[in-house]
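Source file: protein_0.cif (mmCIF, C-alpha atoms)
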data_final
#
loop_
_atom_site.label_atom_id
_atom_site.label_comp_id
_atom_site.auth_asym_id
_atom_site.auth_seq_id
_atom_site.Cartn_x
_atom_site.Cartn_y
_atom_site.Cartn_z
CA MET A 1 21.83 7.46 -4.49
CA THR A 2 18.27 6.29 -3.83
CA TYR A 3 15.47 8.07 -1.97
CA ALA A 4 12.27 6.57 -0.55
CA ILE A 5 8.78 8.03 -0.32
CA ILE A 6 6.48 6.18 2.08
CA LEU A 7 2.80 6.83 1.40
CA ALA A 8 1.03 6.97 4.78
CA GLY A 9 -1.98 9.19 4.26
CA GLY A 10 -4.65 6.56 3.57
CA LYS A 11 -7.89 6.12 5.47
CA GLY A 12 -7.69 2.33 5.68
CA ARG A 13 -11.44 1.96 5.28
CA ARG A 14 -11.40 -1.68 4.12
CA LEU A 15 -9.97 -2.76 7.51
CA TRP A 16 -12.74 -1.14 9.53
CA PRO A 17 -13.59 -1.44 12.39
CA VAL A 18 -9.98 -1.95 13.55
CA SER A 19 -8.85 0.86 11.25
CA ARG A 20 -10.75 4.05 12.16
CA GLN A 21 -10.81 7.70 11.04
CA ASN A 22 -8.69 8.90 13.95
CA MET A 23 -6.33 5.89 13.83
CA PRO A 24 -6.10 4.37 10.33
CA LYS A 25 -4.35 1.09 9.63
CA GLN A 26 -0.84 2.44 8.98
CA PHE A 27 -0.61 3.56 12.62
CA VAL A 28 -1.99 0.29 14.05
CA ASP A 29 -0.03 -2.73 15.30
CA PHE A 30 -2.21 -5.31 13.56
CA PHE A 31 -0.09 -8.32 14.42
CA GLY A 32 0.69 -7.68 18.08
CA SER A 33 4.39 -7.47 17.17
CA GLY A 34 5.07 -4.18 18.94
CA SER A 35 5.42 -2.30 15.62
CA THR A 36 2.79 -0.58 13.50
CA LEU A 37 2.60 -1.04 9.74
CA LEU A 38 4.23 2.37 9.25
CA GLN A 39 7.07 1.51 11.65
CA GLN A 40 7.69 -1.83 9.92
CA THR A 41 7.83 -0.15 6.49
CA TYR A 42 10.18 2.58 7.71
CA GLU A 43 12.56 0.13 9.40
CA ARG A 44 12.56 -2.07 6.29
CA MET A 45 13.52 0.88 4.09
CA ALA A 46 16.08 2.17 6.60
CA LYS A 47 18.05 -1.07 6.13
CA ILE A 48 18.46 -0.17 2.46
CA ILE A 49 18.34 3.63 2.26
CA ALA A 50 19.89 6.29 4.51
CA LYS A 51 17.33 7.69 6.95
CA GLU A 52 17.96 11.23 5.76
CA ASN A 53 16.77 10.10 2.30
CA ILE A 54 13.47 8.60 3.54
CA PHE A 55 10.37 10.81 3.33
CA VAL A 56 6.90 10.07 4.70
CA VAL A 57 3.76 11.62 3.19
CA THR A 58 0.73 11.81 5.43
CA ARG A 59 -2.22 14.03 6.27
CA SER A 60 -1.60 17.12 8.38
CA ASP A 61 -3.82 15.81 11.19
CA PHE A 62 -1.50 12.78 11.52
CA GLU A 63 1.72 14.78 11.90
CA ASP A 64 2.01 14.25 15.65
CA ILE A 65 1.41 10.49 15.59
CA THR A 66 3.84 10.09 12.68
CA ARG A 67 6.56 11.88 14.65
CA GLN A 68 5.77 9.79 17.74
CA GLN A 69 6.00 6.53 15.84
CA LEU A 70 9.12 7.49 13.84
CA PRO A 71 11.34 9.43 16.26
CA SER A 72 14.50 8.76 14.19
CA LEU A 73 13.02 10.17 10.98
CA PRO A 74 14.51 13.63 10.31
CA HIS A 75 12.04 16.32 11.35
CA ASP A 76 11.82 17.90 7.91
CA ASN A 77 11.25 14.57 6.12
CA ILE A 78 7.53 14.46 6.87
CA VAL A 79 5.53 15.84 3.94
CA LEU A 80 2.05 16.99 4.96
CA GLU A 81 -1.09 17.03 2.84
CA THR A 82 -3.36 19.87 3.87
CA ILE A 83 -6.20 18.38 1.82
CA ASN A 84 -6.80 14.85 0.52
CA ARG A 85 -5.79 14.56 -3.14
CA ASN A 86 -4.83 10.87 -3.34
CA THR A 87 -1.40 9.33 -3.90
CA ALA A 88 -0.35 10.81 -7.28
CA PRO A 89 -0.48 14.44 -6.04
CA SER A 90 1.06 13.47 -2.68
CA THR A 91 3.94 11.73 -4.47
CA LEU A 92 4.54 14.87 -6.54
CA LEU A 93 4.51 16.93 -3.34
CA ALA A 94 7.25 14.72 -1.87
CA LEU A 95 9.29 14.74 -5.09
CA ARG A 96 9.24 18.54 -5.11
CA LYS A 97 10.50 18.64 -1.55
CA ILE A 98 13.35 16.23 -2.39
CA SER A 99 14.21 18.24 -5.51
CA SER A 100 14.25 21.58 -3.73
CA ARG A 101 16.61 20.21 -1.09
CA ASN A 102 18.97 18.56 -3.59
CA PHE A 103 18.65 20.81 -6.62
CA GLU A 104 22.29 20.73 -7.72
CA GLN A 105 22.63 16.94 -7.40
CA LEU A 106 19.38 16.23 -9.23
CA ALA A 107 20.26 18.65 -12.02
CA ASP A 108 23.50 16.78 -12.69
CA ALA A 109 22.69 14.14 -15.32
CA THR A 110 25.89 12.24 -14.44
CA GLN A 111 24.57 11.60 -10.94
CA GLN A 112 21.15 10.13 -11.67
CA GLN A 113 19.13 9.89 -8.44
CA SER A 114 16.43 7.21 -8.11
CA VAL A 115 13.36 7.01 -5.91
CA VAL A 116 11.25 4.15 -4.59
CA ILE A 117 7.61 4.90 -3.76
CA ILE A 118 6.06 2.43 -1.35
CA PRO A 119 2.78 2.22 0.60
CA ALA A 120 2.95 1.96 4.38
CA ASP A 121 0.46 -0.93 4.54
CA GLN A 122 2.35 -3.92 3.16
CA LEU A 123 3.95 -7.05 4.54
CA ILE A 124 7.25 -8.22 3.02
CA LEU A 125 8.19 -11.78 4.01
CA ASP A 126 11.72 -12.04 2.57
CA GLU A 127 13.60 -8.83 3.29
CA GLU A 128 16.85 -9.98 1.65
CA LYS A 129 15.07 -10.58 -1.66
CA PHE A 130 13.27 -7.26 -1.22
CA LYS A 131 16.59 -5.46 -0.73
CA ASP A 132 17.98 -7.16 -3.84
CA ALA A 133 14.90 -6.10 -5.85
CA ILE A 134 15.26 -2.47 -4.74
CA GLU A 135 18.95 -2.40 -5.64
CA ARG A 136 18.34 -4.01 -9.05
CA GLY A 137 15.42 -1.65 -9.65
CA ALA A 138 17.56 1.38 -8.83
CA SER A 139 20.20 0.29 -11.34
CA PHE A 140 17.52 -0.25 -13.99
CA VAL A 141 15.80 3.14 -13.67
CA GLN A 142 19.12 4.98 -13.62
CA THR A 143 19.80 3.68 -17.13
CA HIS A 144 16.24 3.49 -18.54
CA GLU A 145 13.86 6.44 -18.87
CA CYS A 146 10.70 4.80 -17.55
CA ILE A 147 8.68 3.97 -14.44
CA LEU A 148 9.35 0.53 -12.97
CA THR A 149 6.74 -1.24 -10.88
CA MET A 150 7.22 -4.42 -8.88
CA GLY A 151 4.89 -7.35 -9.49
CA VAL A 152 4.42 -10.73 -7.79
CA THR A 153 2.84 -13.99 -8.91
CA PRO A 154 -0.86 -14.13 -7.92
CA SER A 155 -1.85 -16.83 -5.44
CA ARG A 156 -5.62 -16.61 -5.91
CA PRO A 157 -8.20 -14.89 -8.17
CA GLU A 158 -8.46 -11.83 -5.91
CA PRO A 159 -10.77 -9.11 -7.34
CA GLY A 160 -9.40 -6.47 -4.97
CA TYR A 161 -5.94 -6.19 -6.58
CA GLY A 162 -4.50 -4.77 -9.79
CA TYR A 163 -3.27 -7.17 -12.51
CA ILE A 164 -0.34 -6.36 -14.79
CA GLN A 165 0.05 -8.24 -18.08
CA MET A 166 3.70 -8.90 -18.92
CA GLY A 167 4.92 -8.24 -22.44
CA TYR A 168 8.37 -8.70 -23.92
CA GLY A 169 11.36 -8.51 -21.61
CA GLU A 170 14.44 -10.12 -20.12
CA ASN A 171 16.03 -10.71 -16.71
CA ASP A 172 12.66 -10.52 -14.93
CA VAL A 173 11.90 -7.01 -16.27
CA HIS A 174 9.04 -6.83 -18.78
CA HIS A 175 7.24 -4.23 -20.84
CA ILE A 176 3.71 -3.71 -19.45
CA LYS A 177 1.24 -4.92 -22.06
CA SER A 178 -1.96 -4.07 -20.15
CA PHE A 179 -3.29 -3.31 -16.68
CA SER A 180 -6.61 -4.17 -15.05
CA GLU A 181 -7.55 -2.68 -11.68
CA LYS A 182 -9.83 -4.77 -9.44
CA PRO A 183 -11.37 -7.05 -12.08
CA ASP A 184 -14.32 -9.36 -11.47
CA ARG A 185 -13.35 -12.68 -9.90
CA GLU A 186 -13.90 -14.59 -13.16
CA PHE A 187 -11.61 -12.23 -15.08
CA ALA A 188 -9.04 -12.51 -12.29
CA ARG A 189 -9.18 -16.30 -12.63
CA MET A 190 -8.64 -16.01 -16.40
CA PHE A 191 -5.66 -13.72 -15.82
CA ILE A 192 -4.06 -16.24 -13.45
CA ASP A 193 -4.72 -19.20 -15.74
CA SER A 194 -2.99 -17.38 -18.64
CA GLY A 195 0.29 -17.15 -16.72
CA GLU A 196 0.86 -13.67 -18.19
CA PHE A 197 -0.26 -11.54 -15.24
CA LEU A 198 1.29 -10.35 -12.00
CA TRP A 199 -0.27 -8.65 -9.01
CA ASN A 200 0.65 -4.99 -8.75
CA THR A 201 2.37 -4.37 -5.40
CA GLY A 202 2.05 -0.59 -5.67
CA ILE A 203 5.83 -0.23 -5.29
CA TYR A 204 7.31 2.04 -7.99
CA MET A 205 10.81 3.15 -8.91
CA SER A 206 12.11 5.80 -11.28
CA ALA A 207 14.80 8.39 -11.75
CA ILE A 208 13.61 11.39 -9.73
CA PRO A 209 13.67 13.99 -12.55
CA TYR A 210 11.74 11.66 -14.86
CA MET A 211 9.04 10.75 -12.32
CA LYS A 212 8.63 14.38 -11.27
CA ARG A 213 8.35 15.56 -14.87
CA GLN A 214 5.81 12.89 -15.80
CA LEU A 215 3.59 13.61 -12.79
CA GLN A 216 3.71 17.36 -13.40
CA LEU A 217 2.55 16.85 -16.99
CA LEU A 218 -0.14 14.37 -16.02
CA LEU A 219 -1.52 16.46 -13.15
CA ASN A 220 -1.13 19.72 -15.09
CA ALA A 221 0.82 21.08 -12.15
CA ALA A 222 2.32 24.55 -12.57
CA ASP A 223 5.68 25.59 -11.11
CA GLU A 224 3.84 27.24 -8.24
CA LEU A 225 2.01 24.19 -6.91
CA ASP A 226 -1.60 24.80 -5.82
CA TYR A 227 -2.21 21.46 -4.15
CA SER A 228 -5.92 22.02 -3.64
CA ARG A 229 -6.47 22.31 -7.41
CA LEU A 230 -4.75 19.05 -8.35
CA PRO A 231 -6.97 16.17 -9.51
CA ASN A 232 -7.83 13.30 -7.18
CA LEU A 233 -5.77 10.51 -8.76
CA SER A 234 -3.99 7.45 -7.38
CA ILE A 235 -0.37 6.76 -8.23
CA ASP A 236 -1.46 3.35 -9.60
CA MET A 237 -3.86 4.88 -12.11
CA ALA A 238 -1.41 7.66 -12.97
CA ILE A 239 1.40 5.28 -13.85
CA LEU A 240 -0.24 2.10 -15.06
CA GLU A 241 -3.13 3.58 -17.04
CA LYS A 242 -1.91 7.00 -18.15
CA MET A 243 1.88 6.89 -18.57
CA GLU A 244 3.42 5.33 -21.67
CA SER A 245 6.95 4.33 -20.66
CA LYS A 246 6.56 1.75 -17.90
CA ALA A 247 7.89 -1.71 -17.03
CA VAL A 248 7.33 -4.40 -14.39
CA MET A 249 9.91 -6.43 -12.49
CA HIS A 250 8.80 -9.96 -11.56
CA CYS A 251 9.68 -10.22 -7.85
CA THR A 252 9.67 -13.12 -5.39
CA PHE A 253 10.15 -11.38 -2.03
CA GLY A 254 6.88 -12.60 -0.51
CA TRP A 255 4.32 -9.81 -0.56
CA ALA A 256 0.94 -9.26 1.06
CA ASP A 257 -1.33 -6.24 0.87
CA ILE A 258 -2.57 -5.33 4.32
CA GLY A 259 -5.28 -3.21 2.77
CA ALA A 260 -8.10 -5.69 3.27
CA TRP A 261 -9.05 -8.51 5.63
CA HIS A 262 -8.41 -11.15 2.98
CA GLY A 263 -4.86 -9.84 2.60
CA ILE A 264 -4.27 -10.27 6.33
CA TYR A 265 -5.53 -13.86 6.11
CA GLU A 266 -3.12 -14.56 3.22
CA ALA A 267 -0.24 -13.01 5.16
CA LEU A 268 -0.76 -14.99 8.36
CA SER A 269 -2.28 -18.27 7.20
CA ASN A 270 0.00 -21.32 7.41
CA ASP A 271 -2.17 -23.86 5.64
CA GLU A 272 -5.49 -24.29 3.84
CA THR A 273 -7.55 -24.84 7.01
CA ASP A 274 -6.09 -22.15 9.24
CA ASN A 275 -8.01 -19.81 11.45
CA VAL A 276 -5.97 -16.62 11.77
CA LEU A 277 -5.83 -14.77 15.08
CA VAL A 278 -4.53 -11.30 14.27
CA ASN A 279 -3.61 -10.15 17.77
CA GLY A 280 -1.23 -12.51 19.55
CA ASN A 281 -2.30 -11.18 22.95
CA SER A 282 -5.84 -12.51 22.60
CA ARG A 283 -7.08 -16.13 22.46
CA LEU A 284 -9.14 -18.24 20.07
CA LEU A 285 -10.95 -21.54 20.58
CA ALA A 286 -12.37 -22.95 17.33
CA GLU A 287 -14.55 -25.99 16.78
CA ASP A 288 -15.53 -27.13 13.28
CA SER A 289 -14.32 -23.74 11.99
CA THR A 290 -11.79 -22.97 9.24
CA HIS A 291 -10.50 -20.12 7.04
CA ASN A 292 -11.56 -17.42 9.51
CA VAL A 293 -9.85 -14.16 10.55
CA VAL A 294 -10.31 -13.08 14.16
CA ALA A 295 -9.24 -9.62 15.35
CA ILE A 296 -10.24 -8.89 18.95
CA PRO A 297 -8.78 -6.68 21.70
CA ASN A 298 -5.94 -7.74 24.00
CA GLY A 299 -6.85 -10.30 26.62
CA LYS A 300 -10.16 -11.34 25.06
CA LEU A 301 -11.23 -14.87 24.16
CA ALA A 302 -13.12 -15.63 20.92
CA ILE A 303 -15.03 -18.91 20.59
CA LEU A 304 -16.02 -20.03 17.10
CA SER A 305 -18.23 -22.95 16.17
CA GLY A 306 -19.36 -23.90 12.67
CA LEU A 307 -17.88 -20.88 10.88
CA ASP A 308 -16.01 -21.17 7.57
CA GLY A 309 -14.46 -18.17 5.83
CA TYR A 310 -15.59 -15.35 8.13
CA ILE A 311 -14.16 -12.12 9.52
CA VAL A 312 -14.75 -11.55 13.24
CA ALA A 313 -13.40 -8.11 14.13
CA GLU A 314 -13.97 -6.05 17.27
CA LYS A 315 -12.61 -2.62 18.10
CA ASP A 316 -13.91 -0.34 20.87
CA ASP A 317 -17.63 0.12 20.18
CA VAL A 318 -18.00 -2.04 17.05
CA LEU A 319 -18.22 -5.79 16.45
CA MET A 320 -18.33 -6.97 12.81
CA ILE A 321 -18.99 -10.53 11.64
CA CYS A 322 -19.16 -11.15 7.89
CA ARG A 323 -18.02 -13.52 5.19
CA LYS A 324 -14.38 -13.00 4.23
CA GLU A 325 -15.07 -12.99 0.47
CA ASP A 326 -17.64 -10.21 0.89
CA SER A 327 -15.78 -8.15 3.47
CA SER A 328 -14.40 -5.33 1.29
CA ALA A 329 -17.72 -4.64 -0.45
CA LEU A 330 -19.64 -4.97 2.81
CA VAL A 331 -17.36 -2.54 4.66
CA ARG A 332 -17.82 0.06 1.90
CA LYS A 333 -21.59 -0.39 2.12
CA ILE A 334 -21.66 -0.18 5.92
CA LEU A 335 -19.47 2.91 6.08
CA SER A 336 -21.53 4.64 3.41
CA ARG A 337 -24.66 3.97 5.46
CA ILE A 338 -23.06 5.05 8.73
CA GLU A 339 -21.76 8.29 7.22
CA ASN A 340 -25.24 9.09 5.91
CA GLU A 341 -26.85 8.59 9.31
CA GLU A 342 -25.85 11.37 11.65
CA THR A 343 -26.51 9.36 14.82
CA LEU A 344 -24.04 6.66 13.74
CA GLN A 345 -21.14 8.80 12.57
CA ALA A 346 -19.18 8.20 15.79
CA TYR A 347 -18.63 4.56 14.78
CA THR A 348 -16.29 5.46 11.90
#
The structure in this file should be written as structure tokens.
Amino acid sequence: MTYAIILAGGKGRRLWPVSRQNMPKQFVDFFGSGSTLLQQTYERMAKIIAKENIFVVTRSDFEDITRQQLPSLPHDNIVLETINRNTAPSTLLALRKISSRNFEQLADATQQQSVVIIPADQLILDEEKFKDAIERGASFVQTHECILTMGVTPSRPEPGYGYIQMGYGENDVHHIKSFSEKPDREFARMFIDSGEFLWNTGIYMSAIPYMKRQLQLLLNAADELDYSRLPNLSIDMAILEKMESKAVMHCTFGWADIGAWHGIYEALSNDETDNVLVNGNSRLLAEDSTHNVVAIPNGKLAILSGLDGYIVAEKDDVLMICRKEDSSALVRKILSRIENEETLQAYT
């Protein structure tokens, strides 16, 4: 039996201004498809795993919107963070809830239960291959005492992703030789040229007792969990930098991180000269313009002339125009400035 933990508590800051404090990216329909990123992730997992075995971790102030967007999710399967402590503590919180509900099953070593941990902000292009990867991963972790992550072949030297170096292995599963989180572009290019590195998708699998035990040791979490005292640590750093027994499966299910504007461009672009219009209910006229991402409200028309590699994003009271390559760093800088200026705080 396999369980799923969907991580949906992020702030989505790199996709500002479309992703905002009161409505972060996981609750937004970025593609005009009628489904938010959270809904797409939940439905994808529900095709593989029974709905009663799917848990969603989010912040307590997003409980209502989570229930609204996922009406078929069992009421008690929403795990609420009362304080932000990043994805490693929130994963442990969800694992404890699963364990307390299924204590007898999880204590039986002959019935090894596995778990897949997946962010709510990803695009999977080939769902059949994704299902196959989850099923193969579940079989692997039920017979190997380790954490398994899923990696994909990099398509560009992207400094915003994590890079996993493959070591020895067989059947697409490799020992993890090293990990580098968000390297400089030149290092990322070297990693790609070597042919030894995969992008980290942030999707992890393990036997539930093993993952729970490893996180408890790493976070120094006592039996009586005081969530507010746990360290602020991401699940990526916890597993890939601090845990010893870990492996990576080389996957080909077509993956894109919807955590940054460049990721959205990669997900929607059809060729090397595309302009990407994020919302299908708006319009774009482009002249002598390529490699741009345009995200504007429903019914609006954007006209571009002479732009190459830009983000044009409008949401409510904010319009942002910046180079695509610089967008993540620029957004961090802008939000830091806005949050430090009391008169501008409403724009976050």
Please identify all polymer residues lying at most 12 Å from the point (-12.8, -8.4, -13.0) (file coordinates), using all atoms listed in the file, and present the result as a list in words. Pro157, Glu158, Pro159, Gly160, Tyr161, Gly162, Tyr163, Phe179, Ser180, Glu181, Lys182, Pro183, Asp184, Arg185, Glu186, Phe187, Ala188, Arg189, Met190, Phe191 and Ile192 of chain A
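Using all atoms listed in the file, the nearest neighbour of Gly151 (chain A) within the list A:Thr201, A:Thr87, A:Ser35, A:Ser269 is A:Thr201.
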Since I can't run it myself right now, could you work out what the PyMOL selection byres ((chain A and resi 114) around 10) selects here and report it as JSON, numbers by chain? {"A": [1, 2, 3, 4, 106, 111, 112, 113, 115, 116, 137, 138, 139, 140, 141, 142, 205, 206, 207, 208, 209, 210, 211]}
Quick check, in Å to one decimal: how far apart do CA of Asp76 (chain A) and CA of Lys97 (chain A) lie?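 Straight-line distance from CA of Asp76 (chain A) to CA of Lys97 (chain A) works out to 9.6 Å.
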Please indicate the distance in Å from CA of Arg14 (chain A) to CA of Arg323 (chain A), rounded to one decimal place. 13.6 Å
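Residue nearest Tyr204 (chain A), chosen from A:Ile6, A:Leu225, A:Ile311, A:Val276 and counting all atoms listed in the file: A:Ile6.
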Excluding Leu218 (chain A) and residues on its chain fewer than 6 positions from it, collect all residues at most 9 Å away from it, counting only C-alpha atoms, and give them as a compact mmCIF listing (two decimals) with C-alpha atoms, in the coordinates of the input.
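Saved file part.txt follows:
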# COMPACT_ATOMS: atom_id res chain seq x y z
CA ALA A 238 -1.41 7.66 -12.97
CA LYS A 242 -1.91 7.00 -18.15
CA MET A 243 1.88 6.89 -18.57
For Leu38 (chain A): contacts at 7 Å, all atoms listed in the file, fewer than 6 positions along chain excluded, given as number ranges by chain: A: 26-27, 120-121
